[in-house]
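Have a look at coords00.cif; it's mmCIF, C-alpha atoms and all ligand atoms:
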data_work
loop_
_atom_site.label_atom_id
_atom_site.label_comp_id
_atom_site.auth_asym_id
_atom_site.auth_seq_id
_atom_site.Cartn_x
_atom_site.Cartn_y
_atom_site.Cartn_z
CA MET M 1 40.49 169.24 144.65
CA LYS M 2 40.77 170.57 148.18
CA ALA M 3 40.87 174.35 148.69
CA LEU M 4 40.34 177.07 151.26
CA VAL M 5 36.92 178.47 150.37
CA PHE M 6 35.31 181.72 151.51
CA HIS M 7 31.88 181.20 153.06
CA GLY M 8 31.56 184.54 154.84
CA PRO M 9 33.27 186.65 157.49
CA ARG M 10 35.59 184.52 159.68
CA ASP M 11 34.38 181.43 157.84
CA ILE M 12 37.06 180.04 155.54
CA ARG M 13 36.76 176.27 155.10
CA HIS M 14 39.03 173.54 153.80
CA GLU M 15 36.72 171.57 151.54
CA ASP M 16 36.16 170.01 148.14
CA TYR M 17 35.94 172.46 145.27
CA PRO M 18 35.60 171.73 141.54
CA ASP M 19 38.97 171.37 139.81
CA PRO M 20 39.78 174.35 137.59
CA SER M 21 40.24 173.55 133.94
CA LEU M 22 42.48 175.37 131.51
CA THR M 23 40.14 177.78 129.73
CA ILE M 24 42.51 180.64 128.80
CA ALA M 25 44.89 180.45 125.82
CA ASN M 26 47.58 182.53 127.57
CA GLY M 27 47.04 180.84 130.94
CA VAL M 28 48.39 177.83 132.78
CA LEU M 29 47.19 175.44 135.43
CA LEU M 30 49.39 175.28 138.51
CA ARG M 31 49.59 172.49 141.06
CA VAL M 32 50.18 174.62 144.15
CA GLU M 33 53.15 173.71 146.34
CA ALA M 34 52.88 176.37 149.06
CA ALA M 35 50.82 179.47 149.78
CA SER M 36 50.77 182.19 152.42
CA ILE M 37 48.36 184.55 154.13
CA CYS M 38 48.79 188.28 153.65
CA GLY M 39 47.60 191.06 155.94
CA SER M 40 45.34 192.19 153.11
CA ASP M 41 43.57 188.78 153.17
CA LEU M 42 42.10 189.85 156.50
CA HIS M 43 39.89 192.41 154.77
CA ILE M 44 37.71 189.72 153.25
CA TYR M 45 38.10 187.61 156.40
CA HIS M 46 36.57 190.48 158.38
CA GLY M 47 33.79 191.00 155.85
CA ASP M 48 35.04 194.45 154.83
CA ARG M 49 34.14 196.16 151.59
CA ILE M 50 36.73 196.05 148.77
CA GLY M 51 35.78 198.13 145.73
CA LEU M 52 32.17 197.32 144.94
CA THR M 53 32.12 194.06 146.88
CA ASP M 54 30.78 193.89 150.42
CA TYR M 55 32.20 190.69 151.90
CA SER M 56 29.76 190.76 154.79
CA GLN M 57 27.07 189.81 152.26
CA PRO M 58 26.66 186.32 150.76
CA GLN M 59 29.04 185.67 147.85
CA PRO M 60 29.31 182.79 145.42
CA HIS M 61 31.89 180.55 147.12
CA PHE M 62 35.41 181.14 145.82
CA CYS M 63 38.95 179.94 146.61
CA VAL M 64 40.99 182.46 148.61
CA GLY M 65 44.67 183.44 148.56
CA HIS M 66 46.90 185.55 146.31
CA GLU M 67 50.36 184.43 147.47
CA PHE M 68 51.33 181.03 146.03
CA ILE M 69 53.97 179.05 144.19
CA GLY M 70 53.65 175.79 142.31
CA GLU M 71 54.37 173.61 139.31
CA VAL M 72 52.94 174.17 135.85
CA VAL M 73 50.82 171.12 134.95
CA ALA M 74 49.14 172.44 131.78
CA ALA M 75 49.84 175.45 129.55
CA GLY M 76 47.69 177.13 126.91
CA PRO M 77 48.91 177.56 123.31
CA ASP M 78 49.75 181.26 123.84
CA VAL M 79 52.19 180.74 126.72
CA PHE M 80 55.88 181.12 125.81
CA THR M 81 58.05 181.71 128.90
CA VAL M 82 57.05 178.83 131.16
CA SER M 83 56.30 175.20 130.37
CA VAL M 84 54.81 172.12 131.95
CA GLY M 85 57.06 170.95 134.79
CA ASP M 86 58.43 174.41 135.65
CA ARG M 87 58.39 175.49 139.29
CA VAL M 88 57.07 179.06 139.32
CA LEU M 89 55.95 181.91 141.53
CA ALA M 90 52.96 184.09 140.73
CA ALA M 91 52.34 187.79 141.20
CA GLY M 92 49.51 188.36 143.65
CA GLY M 93 47.27 189.58 140.84
CA THR M 94 47.01 189.96 137.10
CA GLY M 95 45.29 191.96 134.37
CA CYS M 96 42.76 191.14 131.70
CA GLY M 97 45.59 190.07 129.40
CA VAL M 98 44.30 191.68 126.23
CA CYS M 99 44.23 195.48 126.70
CA ASP M 100 47.05 197.92 125.82
CA ALA M 101 48.18 198.11 129.45
CA CYS M 102 48.47 194.34 129.65
CA ARG M 103 50.78 194.41 126.63
CA SER M 104 53.07 196.99 128.28
CA ARG M 105 52.55 197.53 132.01
CA ILE M 106 50.05 194.95 133.18
CA SER M 107 49.74 196.61 136.60
CA ARG M 108 47.97 199.51 134.87
CA CYS M 109 45.28 197.29 133.41
CA PRO M 110 41.93 198.83 134.44
CA LYS M 111 40.67 195.31 135.09
CA ALA M 112 43.71 194.24 137.14
CA ASN M 113 42.71 192.23 140.15
CA ALA M 114 44.17 190.14 142.93
CA PHE M 115 43.73 186.39 143.01
CA GLY M 116 41.28 185.00 145.52
CA LEU M 117 38.73 187.80 145.81
CA SER M 118 35.92 186.28 143.74
CA THR M 119 35.06 183.47 141.34
CA ALA M 120 36.41 185.69 138.52
CA LEU M 121 40.03 185.02 139.56
CA GLN M 122 40.20 182.07 141.93
CA GLY M 123 42.78 182.03 144.71
CA GLY M 124 45.81 179.85 145.16
CA GLN M 125 45.25 178.51 148.67
CA ALA M 126 44.09 175.45 146.80
CA GLU M 127 45.58 172.34 145.24
CA LEU M 128 45.10 173.73 141.72
CA VAL M 129 44.70 177.23 140.30
CA GLN M 130 44.42 178.68 136.82
CA VAL M 131 46.78 181.62 136.19
CA PRO M 132 45.90 183.90 133.24
CA ASN M 133 48.54 185.94 131.38
CA ALA M 134 51.15 183.42 132.43
CA ASP M 135 54.08 185.06 130.63
CA THR M 136 53.67 188.21 132.72
CA THR M 137 52.16 186.82 135.91
CA LEU M 138 54.63 183.97 136.49
CA ARG M 139 58.39 183.51 136.72
CA ARG M 140 60.43 180.34 137.02
CA ILE M 141 61.95 180.14 140.51
CA PRO M 142 65.72 180.37 140.05
CA GLU M 143 68.31 178.29 141.92
CA GLY M 144 69.18 179.91 145.21
CA ILE M 145 65.70 181.17 146.06
CA SER M 146 64.03 179.25 148.88
CA THR M 147 60.35 178.31 149.07
CA GLU M 148 59.85 181.01 151.70
CA GLN M 149 61.63 183.65 149.61
CA ALA M 150 59.61 182.68 146.54
CA LEU M 151 56.41 183.19 148.52
CA LEU M 152 57.67 186.58 149.73
CA LEU M 153 58.38 187.56 146.11
CA THR M 154 54.71 187.01 145.22
CA ASP M 155 53.79 190.17 147.13
CA ALA M 156 55.46 191.23 150.40
CA LEU M 157 59.01 191.60 149.10
CA ALA M 158 57.85 193.35 145.94
CA THR M 159 55.73 195.73 148.00
CA ALA M 160 58.61 196.48 150.35
CA HIS M 161 60.99 197.07 147.43
CA PHE M 162 58.50 199.38 145.75
CA GLY M 163 57.96 201.33 148.96
CA ILE M 164 61.63 201.67 149.86
CA GLY M 165 62.43 202.71 146.28
CA ARG M 166 59.80 205.42 146.38
CA ALA M 167 61.22 206.68 149.68
CA ASP M 168 64.34 207.76 147.70
CA VAL M 169 66.63 205.89 150.11
CA ALA M 170 70.25 206.75 149.25
CA PRO M 171 73.62 205.84 150.80
CA GLY M 172 74.10 207.51 154.17
CA ASP M 173 70.43 208.14 154.84
CA THR M 174 68.68 207.68 158.13
CA VAL M 175 65.43 205.81 157.46
CA ALA M 176 62.44 205.31 159.74
CA VAL M 177 60.33 202.20 159.13
CA VAL M 178 56.89 202.55 160.68
CA GLY M 179 55.03 199.24 161.12
CA LEU M 180 57.04 196.04 161.54
CA GLY M 181 54.93 193.35 159.92
CA PRO M 182 56.70 191.26 157.28
CA ILE M 183 56.74 194.16 154.79
CA GLY M 184 58.23 196.61 157.28
CA LEU M 185 60.85 194.06 158.34
CA LEU M 186 61.75 193.43 154.69
CA GLY M 187 61.94 197.21 154.30
CA ILE M 188 64.71 197.31 156.91
CA GLU M 189 66.81 194.83 154.93
CA LEU M 190 66.14 196.67 151.67
CA ALA M 191 67.00 200.06 153.17
CA TYR M 192 70.37 198.73 154.33
CA ALA M 193 70.90 197.09 150.92
CA ARG M 194 70.47 200.56 149.41
CA GLY M 195 73.10 201.98 151.71
CA ALA M 196 71.10 203.43 154.58
CA ALA M 197 73.41 204.39 157.42
CA GLN M 198 70.80 203.88 160.12
CA VAL M 199 67.31 202.41 160.23
CA ILE M 200 64.95 203.31 163.06
CA ALA M 201 62.14 200.76 163.35
CA ILE M 202 58.88 201.71 165.07
CA ASP M 203 56.09 199.36 166.18
CA PRO M 204 53.95 198.81 169.28
CA VAL M 205 54.71 195.05 169.43
CA GLU M 206 57.82 194.05 171.39
CA GLY M 207 58.49 190.81 169.46
CA ARG M 208 58.45 192.65 166.16
CA ARG M 209 60.84 195.28 167.49
CA ALA M 210 63.16 192.47 168.58
CA HIS M 211 63.11 191.07 165.04
CA ALA M 212 63.94 194.55 163.70
CA ALA M 213 66.82 194.92 166.14
CA HIS M 214 68.14 191.54 164.98
CA LEU M 215 68.26 193.03 161.46
CA GLY M 216 70.39 195.92 162.71
CA ALA M 217 67.72 198.55 163.21
CA VAL M 218 67.32 200.73 166.28
CA ALA M 219 63.91 199.68 167.62
CA VAL M 220 61.55 202.27 169.09
CA ALA M 221 58.14 201.62 170.68
CA ALA M 222 55.30 203.33 168.81
CA GLY M 223 53.45 205.93 170.84
CA PRO M 224 53.58 209.52 172.01
CA GLU M 225 57.24 209.22 173.06
CA ALA M 226 58.47 207.91 169.71
CA ARG M 227 59.05 211.30 168.07
CA ALA M 228 61.20 212.57 170.95
CA ILE M 229 63.27 209.38 170.87
CA VAL M 230 63.81 209.74 167.12
CA ARG M 231 64.81 213.38 167.66
CA ASP M 232 67.46 212.27 170.16
CA LEU M 233 68.68 209.46 167.90
CA THR M 234 69.16 211.93 165.03
CA GLN M 235 70.63 214.80 167.09
CA GLY M 236 67.53 216.84 166.37
CA ARG M 237 67.60 216.48 162.56
CA MET M 238 64.83 213.86 162.28
CA VAL M 239 65.01 211.23 159.54
CA ASP M 240 65.73 211.63 155.83
CA ARG M 241 63.19 208.99 154.71
CA VAL M 242 60.14 207.33 156.17
CA PHE M 243 58.73 204.01 154.97
CA GLU M 244 55.21 203.52 156.34
CA ALA M 245 54.11 199.88 156.20
CA SER M 246 51.24 199.75 158.67
CA GLY M 247 48.22 201.67 157.43
CA ALA M 248 46.92 202.18 160.96
CA ARG M 249 45.76 205.74 161.45
CA SER M 250 48.19 206.46 164.29
CA ALA M 251 51.09 205.13 162.20
CA VAL M 252 50.19 207.19 159.12
CA GLU M 253 49.68 210.34 161.18
CA SER M 254 53.09 209.90 162.86
CA VAL M 255 54.89 210.19 159.51
CA PRO M 256 55.09 214.00 159.03
CA GLY M 257 56.54 214.50 162.51
CA LEU M 258 59.39 212.08 161.84
CA LEU M 259 60.63 213.67 158.60
CA ARG M 260 63.34 216.29 158.31
CA HIS M 261 62.86 219.36 156.12
CA GLY M 262 63.08 218.18 152.51
CA GLY M 263 62.70 214.51 153.40
CA THR M 264 60.69 211.82 151.63
CA ALA M 265 57.92 209.58 152.91
CA SER M 266 56.60 206.50 151.14
CA LEU M 267 53.35 204.97 152.34
CA ILE M 268 52.29 201.47 151.32
CA GLY M 269 50.22 200.31 154.32
CA LEU M 270 46.59 199.75 153.35
CA PRO M 271 44.78 202.63 155.15
CA GLN M 272 42.47 201.48 157.90
CA GLY M 273 39.84 204.22 157.81
CA ASP M 274 40.41 207.88 157.00
CA THR M 275 43.51 209.73 158.07
CA ALA M 276 44.19 213.41 158.52
CA LEU M 277 47.62 214.46 157.27
CA PRO M 278 48.67 218.05 158.10
CA LEU M 279 49.07 219.59 154.65
CA ARG M 280 50.36 222.91 156.04
CA GLN M 281 53.19 221.16 157.89
CA LEU M 282 54.02 219.05 154.84
CA LEU M 283 54.02 222.07 152.53
CA TYR M 284 56.19 224.41 154.61
CA ARG M 285 58.71 221.64 155.21
CA ASN M 286 59.07 220.80 151.50
CA VAL M 287 58.60 217.10 151.98
CA THR M 288 57.88 214.56 149.27
CA LEU M 289 55.06 212.18 149.99
CA ARG M 290 54.30 209.10 147.90
CA ALA M 291 51.70 206.40 148.32
CA GLY M 292 50.92 203.44 146.13
CA VAL M 293 50.40 199.78 145.44
CA ALA M 294 53.36 197.83 144.05
CA PRO M 295 53.37 196.65 140.44
CA VAL M 296 54.71 193.28 141.60
CA THR M 297 55.97 191.91 138.29
CA GLU M 298 57.95 195.12 137.61
CA MET M 299 59.89 194.65 140.85
CA TRP M 300 61.21 191.18 140.10
CA ALA M 301 64.06 192.11 137.75
CA GLU M 302 65.77 194.04 140.56
CA LEU M 303 64.73 191.74 143.38
CA PHE M 304 65.69 188.32 142.06
CA PRO M 305 69.44 189.11 142.03
CA LEU M 306 69.25 190.72 145.49
CA VAL M 307 67.72 187.53 146.87
CA VAL M 308 69.86 185.06 144.89
CA HIS M 309 73.05 186.80 146.06
CA GLY M 310 71.94 187.02 149.67
CA ARG M 311 71.68 190.81 149.91
CA VAL M 312 68.11 190.43 151.09
CA LYS M 313 67.16 187.28 153.01
CA GLY M 314 63.71 187.66 154.54
CA GLU M 315 64.56 185.07 157.18
CA GLY M 316 62.31 184.20 160.08
CA LEU M 317 59.16 185.83 158.70
CA PHE M 318 57.15 182.60 158.40
CA SER M 319 56.42 182.11 162.08
CA HIS M 320 53.65 179.53 161.55
CA ARG M 321 53.22 176.60 159.14
CA TYR M 322 50.18 174.44 158.57
CA PRO M 323 49.00 171.85 156.10
CA LEU M 324 46.26 173.31 153.89
CA ALA M 325 43.75 171.16 155.79
CA ASP M 326 44.35 173.39 158.86
CA GLY M 327 43.70 176.56 156.88
CA ALA M 328 40.83 177.73 159.07
CA GLU M 329 43.08 177.56 162.12
CA GLY M 330 45.84 179.39 160.25
CA TYR M 331 43.48 182.26 159.50
CA ARG M 332 42.17 182.33 163.04
CA VAL M 333 45.65 182.52 164.58
CA PHE M 334 46.82 185.12 162.05
CA ASP M 335 43.75 187.28 162.62
CA ALA M 336 43.97 187.02 166.40
CA ARG M 337 47.72 187.85 166.28
CA GLU M 338 48.18 184.92 168.62
CA ASP M 339 51.51 183.47 169.59
CA GLY M 340 53.63 186.24 168.03
CA VAL M 341 52.43 185.31 164.56
CA LEU M 342 54.13 187.23 161.73
CA LYS M 343 53.27 185.29 158.59
CA VAL M 344 51.54 181.97 157.91
CA LEU M 345 52.67 179.39 155.36
CA PHE M 346 50.41 176.63 154.04
CA GLN M 347 52.12 173.53 152.75
CA VAL M 348 49.85 172.41 149.90
CA GLY M 349 51.54 169.89 147.63
ZN ZN M 401 49.69 189.75 149.82
ZN ZN M 402 44.35 194.44 130.71
#

Target encoding structure tokens, full file:
Amino acid sequence: MKALVFHGPRDIRHEDYPDPSLTIANGVLLRVEAASICGSDLHIYHGDRIGLTDYSQPQPHFCVGHEFIGEVVAAGPDVFTVSVGDRVLAAGGTGCGVCDACRSRISRCPKANAFGLSTALQGGQAELVQVPNADTTLRRIPEGISTEQALLLTDALATAHFGIGRADVAPGDTVAVVGLGPIGLLGIELAYARGAAQVIAIDPVEGRRAHAAHLGAVAVAAGPEARAIVRDLTQGRMVDRVFEASGARSAVESVPGLLRHGGTASLIGLPQGDTALPLRQLLYRNVTLRAGVAPVTEMWAELFPLVVHGRVKGEGLFSHRYPLADGAEGYRVFDAREDGVLKVLFQVG
């Protein structure tokens, strides 16, 4: 098969790779239809360290990508909820499939991992991929969900839903969204779907603020002036909830200053380096602060109806499309943030 294969920092190649075979009784083989690049894919692209793995050092070559949809072409004997011929979306990662956590809440599996980080769980930016624990990791794509929305459900939309939920957004709230990548922009839609009265969207990039304004948010440029602008917009009260979807140090450190007394902040941006949050300020102002990584499969039951019924659309997030053969260029453009890129889709099958 053809696949996007990791050779080292900034060196992802479209090349021949051995076809996966079905080796797991509760797994399936997927023929991939479409895949996308996630901001978190840039960590390996940059040769960062993730867990015990230092991606600047030589690795056995593996297929990359954890956001993909496709058709089941073979299923093991212990798969019950999907069958050959089904069009499915996958969660961005899965568990070992046999421990207690995998039988209840697979996201708590101590061996849970994302696809496309090593040869142990090959990625889906490839023509074929084996998906273990298929009953938990996959869902049939219902009528009314587009290819783009299905790709967003593999990770970004689930992460945004998790983050907005943990911000305690309630009807009438004023919500600040910090960081307007795809997850932040989806957070705006989800905050309104939960009844937010006003969403204030903060980012340094003009094009992203324009997208947020199109979704009905009040867009504010990130920077030293942002807090004063938010104070004016809220008549001095500051916001009830903050959803932080950037992870950049300046974004994370802006969060306490945006929150009203007793407010809630939910942080899901992958931290880029250490941050210093002012515990004294947080404590005396009785704020609630949550941070976490979404259990993707647990978000789907609430999200599928929201998407099917048009309450959340996620339109216009895939700014760039390439055939898989142009994968290296897709990564380069995404990494360089060229041409207003928001999210990259690879057409595979
Ligand atoms: Zn992702
Ligand atoms: Zn497990």

inquiry  = Taking only C-alpha atoms and all ligand atoms into account, which residues have an atom no farther than 9 Å from ligand ZN 402 (chain M)? I'd like them as a PyMOL selection string.
reply    = chain M and resi 94-103+105-112

Using only C-alpha atoms, please write the residues we just selected to a file, as a PDB file, in the frame of the given file.
ATOM      1  CA  THR M  94      47.010 189.960 137.100  1.00  0.00           C
ATOM      2  CA  GLY M  95      45.290 191.960 134.370  1.00  0.00           C
ATOM      3  CA  CYS M  96      42.760 191.140 131.700  1.00  0.00           C
ATOM      4  CA  GLY M  97      45.590 190.070 129.400  1.00  0.00           C
ATOM      5  CA  VAL M  98      44.300 191.680 126.230  1.00  0.00           C
ATOM      6  CA  CYS M  99      44.230 195.480 126.700  1.00  0.00           C
ATOM      7  CA  ASP M 100      47.050 197.920 125.820  1.00  0.00           C
ATOM      8  CA  ALA M 101      48.180 198.110 129.450  1.00  0.00           C
ATOM      9  CA  CYS M 102      48.470 194.340 129.650  1.00  0.00           C
ATOM     10  CA  ARG M 103      50.780 194.410 126.630  1.00  0.00           C
ATOM     11  CA  ARG M 105      52.550 197.530 132.010  1.00  0.00           C
ATOM     12  CA  ILE M 106      50.050 194.950 133.180  1.00  0.00           C
ATOM     13  CA  SER M 107      49.740 196.610 136.600  1.00  0.00           C
ATOM     14  CA  ARG M 108      47.970 199.510 134.870  1.00  0.00           C
ATOM     15  CA  CYS M 109      45.280 197.290 133.410  1.00  0.00           C
ATOM     16  CA  PRO M 110      41.930 198.830 134.440  1.00  0.00           C
ATOM     17  CA  LYS M 111      40.670 195.310 135.090  1.00  0.00           C
ATOM     18  CA  ALA M 112      43.710 194.240 137.140  1.00  0.00           C
TER      19      ALA M 112
END

request  = Could you give me the residues within 8 Å of ligand ZN 401 (chain M), counting only C-alpha atoms and all ligand atoms, as a PyMOL selection string?
outcome  = chain M and resi 37-41+66-67+92+154-156

Export of prior selection with C-alpha atoms as an mmCIF file, in the coordinates of the input:
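Wrote selection_25.cif, looks like this:
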data_model
loop_
_atom_site.group_PDB
_atom_site.id
_atom_site.type_symbol
_atom_site.label_atom_id
_atom_site.label_comp_id
_atom_site.auth_asym_id
_atom_site.auth_seq_id
_atom_site.Cartn_x
_atom_site.Cartn_y
_atom_site.Cartn_z
ATOM 1 C CA ILE M 37 48.360 184.550 154.130
ATOM 2 C CA CYS M 38 48.790 188.280 153.650
ATOM 3 C CA GLY M 39 47.600 191.060 155.940
ATOM 4 C CA SER M 40 45.340 192.190 153.110
ATOM 5 C CA ASP M 41 43.570 188.780 153.170
ATOM 6 C CA HIS M 66 46.900 185.550 146.310
ATOM 7 C CA GLU M 67 50.360 184.430 147.470
ATOM 8 C CA GLY M 92 49.510 188.360 143.650
ATOM 9 C CA THR M 154 54.710 187.010 145.220
ATOM 10 C CA ASP M 155 53.790 190.170 147.130
ATOM 11 C CA ALA M 156 55.460 191.230 150.400
#

task = Determine, counting only C-alpha atoms, which protein, DNA and RNA residues have an atom within 7 Å of an atom of Ser36 of chain M; residues of the same chain fewer than 2 positions away are not included. Present the result as a PyMOL selection string.
result = chain M and resi 38+67-68+151+344-346

key: Residue with smallest distance to His46 of chain M - pool M:Arg209, M:Lys343, M:Arg10, M:Arg285, counting all atoms listed in the file   =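 Of the candidates, the smallest distance to His46 of chain M is held by M:Arg10.
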
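Of the listed residues (M:Thr297, M:Ser254, M:Ser56, M:Ser118), M:Thr297 comes nearest to Ala158 of chain M; the distances count all atoms listed in the file.
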
task = Identify, on the basis of all atoms listed in the file, every residue whose closest approach to Ala251 of chain M does not exceed 10 Å; exclude the query and any residue fewer than 4 positions from it along the same chain; express the result as a PyMOL selection string.
result = chain M and resi 178-179+202-204+222-223+244-247+255+269+271+275

For Gln59 of chain M, list every protein, DNA or RNA residue within 8 Å, evaluated using only C-alpha atoms, and leave out those in the same chain fewer than 2 positions away; present the list as a PDB file with C-alpha atoms, in the frame of the given file.
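The file below, result_16.pdb, is the result:
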ATOM      1  CA  HIS M   7      31.880 181.200 153.060  1.00  0.00           C
ATOM      2  CA  GLY M   8      31.560 184.540 154.840  1.00  0.00           C
ATOM      3  CA  TYR M  55      32.200 190.690 151.900  1.00  0.00           C
ATOM      4  CA  GLN M  57      27.070 189.810 152.260  1.00  0.00           C
ATOM      5  CA  HIS M  61      31.890 180.550 147.120  1.00  0.00           C
TER       6      HIS M  61
END

task = Excluding Tyr192 of chain M and residues on its chain fewer than 6 positions from it, collect all residues at most 9 Å away from it, counting all atoms listed in the file, and give them as a ChimeraX atom specification.
result = /M:171,198-199,216

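The shortest atom-to-atom distance to Ser146 of chain M, with all atoms listed in the file taken into account, belongs to M:Ile69 out of M:Leu4, M:Ile69, M:Ala25, M:Ala160.
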
key: Distance query 12 Å from (61.1, 205.4, 151.5) using all atoms listed in the file, result as an MDAnalysis selection string   = chainID M and resid 159:170 173:178 184 187:188 190:192 194 196 199 239:245 255 259 263:268 287:292

Now that the selection is made, can you save its residues with C-alpha atoms as a CSV table (one decimal), in the frame of the given file?
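The new file out.csv reads:
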chain,number,residue,atom,x,y,z
M,159,THR,CA,55.7,195.7,148.0
M,160,ALA,CA,58.6,196.5,150.4
M,161,HIS,CA,61.0,197.1,147.4
M,162,PHE,CA,58.5,199.4,145.8
M,163,GLY,CA,58.0,201.3,149.0
M,164,ILE,CA,61.6,201.7,149.9
M,165,GLY,CA,62.4,202.7,146.3
M,166,ARG,CA,59.8,205.4,146.4
M,167,ALA,CA,61.2,206.7,149.7
M,168,ASP,CA,64.3,207.8,147.7
M,169,VAL,CA,66.6,205.9,150.1
M,170,ALA,CA,70.2,206.8,149.2
M,173,ASP,CA,70.4,208.1,154.8
M,174,THR,CA,68.7,207.7,158.1
M,175,VAL,CA,65.4,205.8,157.5
M,176,ALA,CA,62.4,205.3,159.7
M,177,VAL,CA,60.3,202.2,159.1
M,178,VAL,CA,56.9,202.6,160.7
M,184,GLY,CA,58.2,196.6,157.3
M,187,GLY,CA,61.9,197.2,154.3
M,188,ILE,CA,64.7,197.3,156.9
M,190,LEU,CA,66.1,196.7,151.7
M,191,ALA,CA,67.0,200.1,153.2
M,192,TYR,CA,70.4,198.7,154.3
M,194,ARG,CA,70.5,200.6,149.4
M,196,ALA,CA,71.1,203.4,154.6
M,199,VAL,CA,67.3,202.4,160.2
M,239,VAL,CA,65.0,211.2,159.5
M,240,ASP,CA,65.7,211.6,155.8
M,241,ARG,CA,63.2,209.0,154.7
M,242,VAL,CA,60.1,207.3,156.2
M,243,PHE,CA,58.7,204.0,155.0
M,244,GLU,CA,55.2,203.5,156.3
M,245,ALA,CA,54.1,199.9,156.2
M,255,VAL,CA,54.9,210.2,159.5
M,259,LEU,CA,60.6,213.7,158.6
M,263,GLY,CA,62.7,214.5,153.4
M,264,THR,CA,60.7,211.8,151.6
M,265,ALA,CA,57.9,209.6,152.9
M,266,SER,CA,56.6,206.5,151.1
M,267,LEU,CA,53.4,205.0,152.3
M,268,ILE,CA,52.3,201.5,151.3
M,287,VAL,CA,58.6,217.1,152.0
M,288,THR,CA,57.9,214.6,149.3
M,289,LEU,CA,55.1,212.2,150.0
M,290,ARG,CA,54.3,209.1,147.9
M,291,ALA,CA,51.7,206.4,148.3
M,292,GLY,CA,50.9,203.4,146.1

Sort by chain and increasing residue number a table of all residues of segment 110-191 of chain M within 9 Å of segment 302-307 of chain M, each with its closest pair of atoms and their distance in Å to one decimal, counting only C-alpha atoms, and write it as a tab-separated table.
residue	atom	partner	partner_atom	distance
M:Pro142	CA	M:Phe304	CA	8.2
M:Gly144	CA	M:Val307	CA	7.9
M:Ile145	CA	M:Val307	CA	6.7
M:Gln149	CA	M:Val307	CA	7.7
M:Leu153	CA	M:Leu303	CA	8.1
M:Leu157	CA	M:Leu303	CA	8.1
M:Ala158	CA	M:Leu303	CA	7.5
M:His161	CA	M:Leu303	CA	7.7

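Comparing M:Val5, M:Leu138, M:Ala248, M:Ile229 by their smallest distance to Glu298 of chain M, the closest is M:Leu138 (using all atoms listed in the file).
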
key: Minimum-distance residue to Asn26 of chain M, chosen among M:Asp78, M:Glu143, M:Asp86, M:Asp335 (using all atoms listed in the file)   =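 Nearest candidate to Asn26 of chain M out of M:Asp78, M:Glu143, M:Asp86, M:Asp335: M:Asp78.
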
inquiry  = Between atom CA of Ile44 of chain M and atom CA of Arg13 of chain M, what distance in Å does the model show, to one decimal?
reply    = 13.6 Å

Atomic distance atom CA of Arg321 of chain M - atom CA of Glu206 of chain M, expressed in Å with one decimal =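 According to the coordinates, atom CA of Arg321 of chain M and atom CA of Glu206 of chain M are separated by 21.8 Å.
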
key: Proximity to Ala294 of chain M - best of M:Val32, M:Ile183, M:Ala217, M:Val205, all atoms listed in the file   =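 So, comparing all the options, the nearest one is M:Ile183.
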
message = Quick check, in Å to one decimal: how far apart do atom CA of His43 of chain M and atom CA of Val348 of chain M lie?
response =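 About the pair atom CA of His43 of chain M and atom CA of Val348 of chain M: they are 22.9 Å apart.
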
task = Identify the residues around (47.7, 212.6, 157.0) within a radius of 7 Å, measuring from all atoms listed in the file in the coordinates stated by the file, and give them as a PyMOL selection string.
result = chain M and resi 252-253+275-278

Could segment 97-106 of chain M be completed with N, CA and C atoms and written as a short mmCIF file (atom, residue, chain, number, x, y, z; two decimals), keeping the file's coordinate frame, please?
data_model
loop_
_atom_site.label_atom_id
_atom_site.label_comp_id
_atom_site.auth_asym_id
_atom_site.auth_seq_id
_atom_site.Cartn_x
_atom_site.Cartn_y
_atom_site.Cartn_z
N GLY M 97 44.76 190.80 130.34
CA GLY M 97 45.59 190.07 129.40
C GLY M 97 45.46 190.48 127.96
N VAL M 98 44.51 191.33 127.65
CA VAL M 98 44.30 191.68 126.23
C VAL M 98 44.35 193.18 125.94
N CYS M 99 44.29 194.04 126.96
CA CYS M 99 44.23 195.48 126.70
C CYS M 99 45.65 196.03 126.45
N ASP M 100 45.75 197.30 126.07
CA ASP M 100 47.05 197.92 125.82
C ASP M 100 47.95 197.86 127.05
N ALA M 101 47.38 198.14 128.23
CA ALA M 101 48.18 198.11 129.45
C ALA M 101 48.77 196.72 129.67
N CYS M 102 47.97 195.69 129.42
CA CYS M 102 48.47 194.34 129.65
C CYS M 102 49.62 194.01 128.71
N ARG M 103 49.68 194.66 127.55
CA ARG M 103 50.78 194.41 126.63
C ARG M 103 52.03 195.21 127.00
N SER M 104 51.90 196.22 127.88
CA SER M 104 53.07 196.99 128.28
C SER M 104 53.28 196.91 129.79
N ARG M 105 52.40 197.57 130.56
CA ARG M 105 52.55 197.53 132.01
C ARG M 105 51.25 196.98 132.60
N ILE M 106 51.28 195.66 132.83
CA ILE M 106 50.05 194.95 133.18
C ILE M 106 49.42 195.50 134.46
#
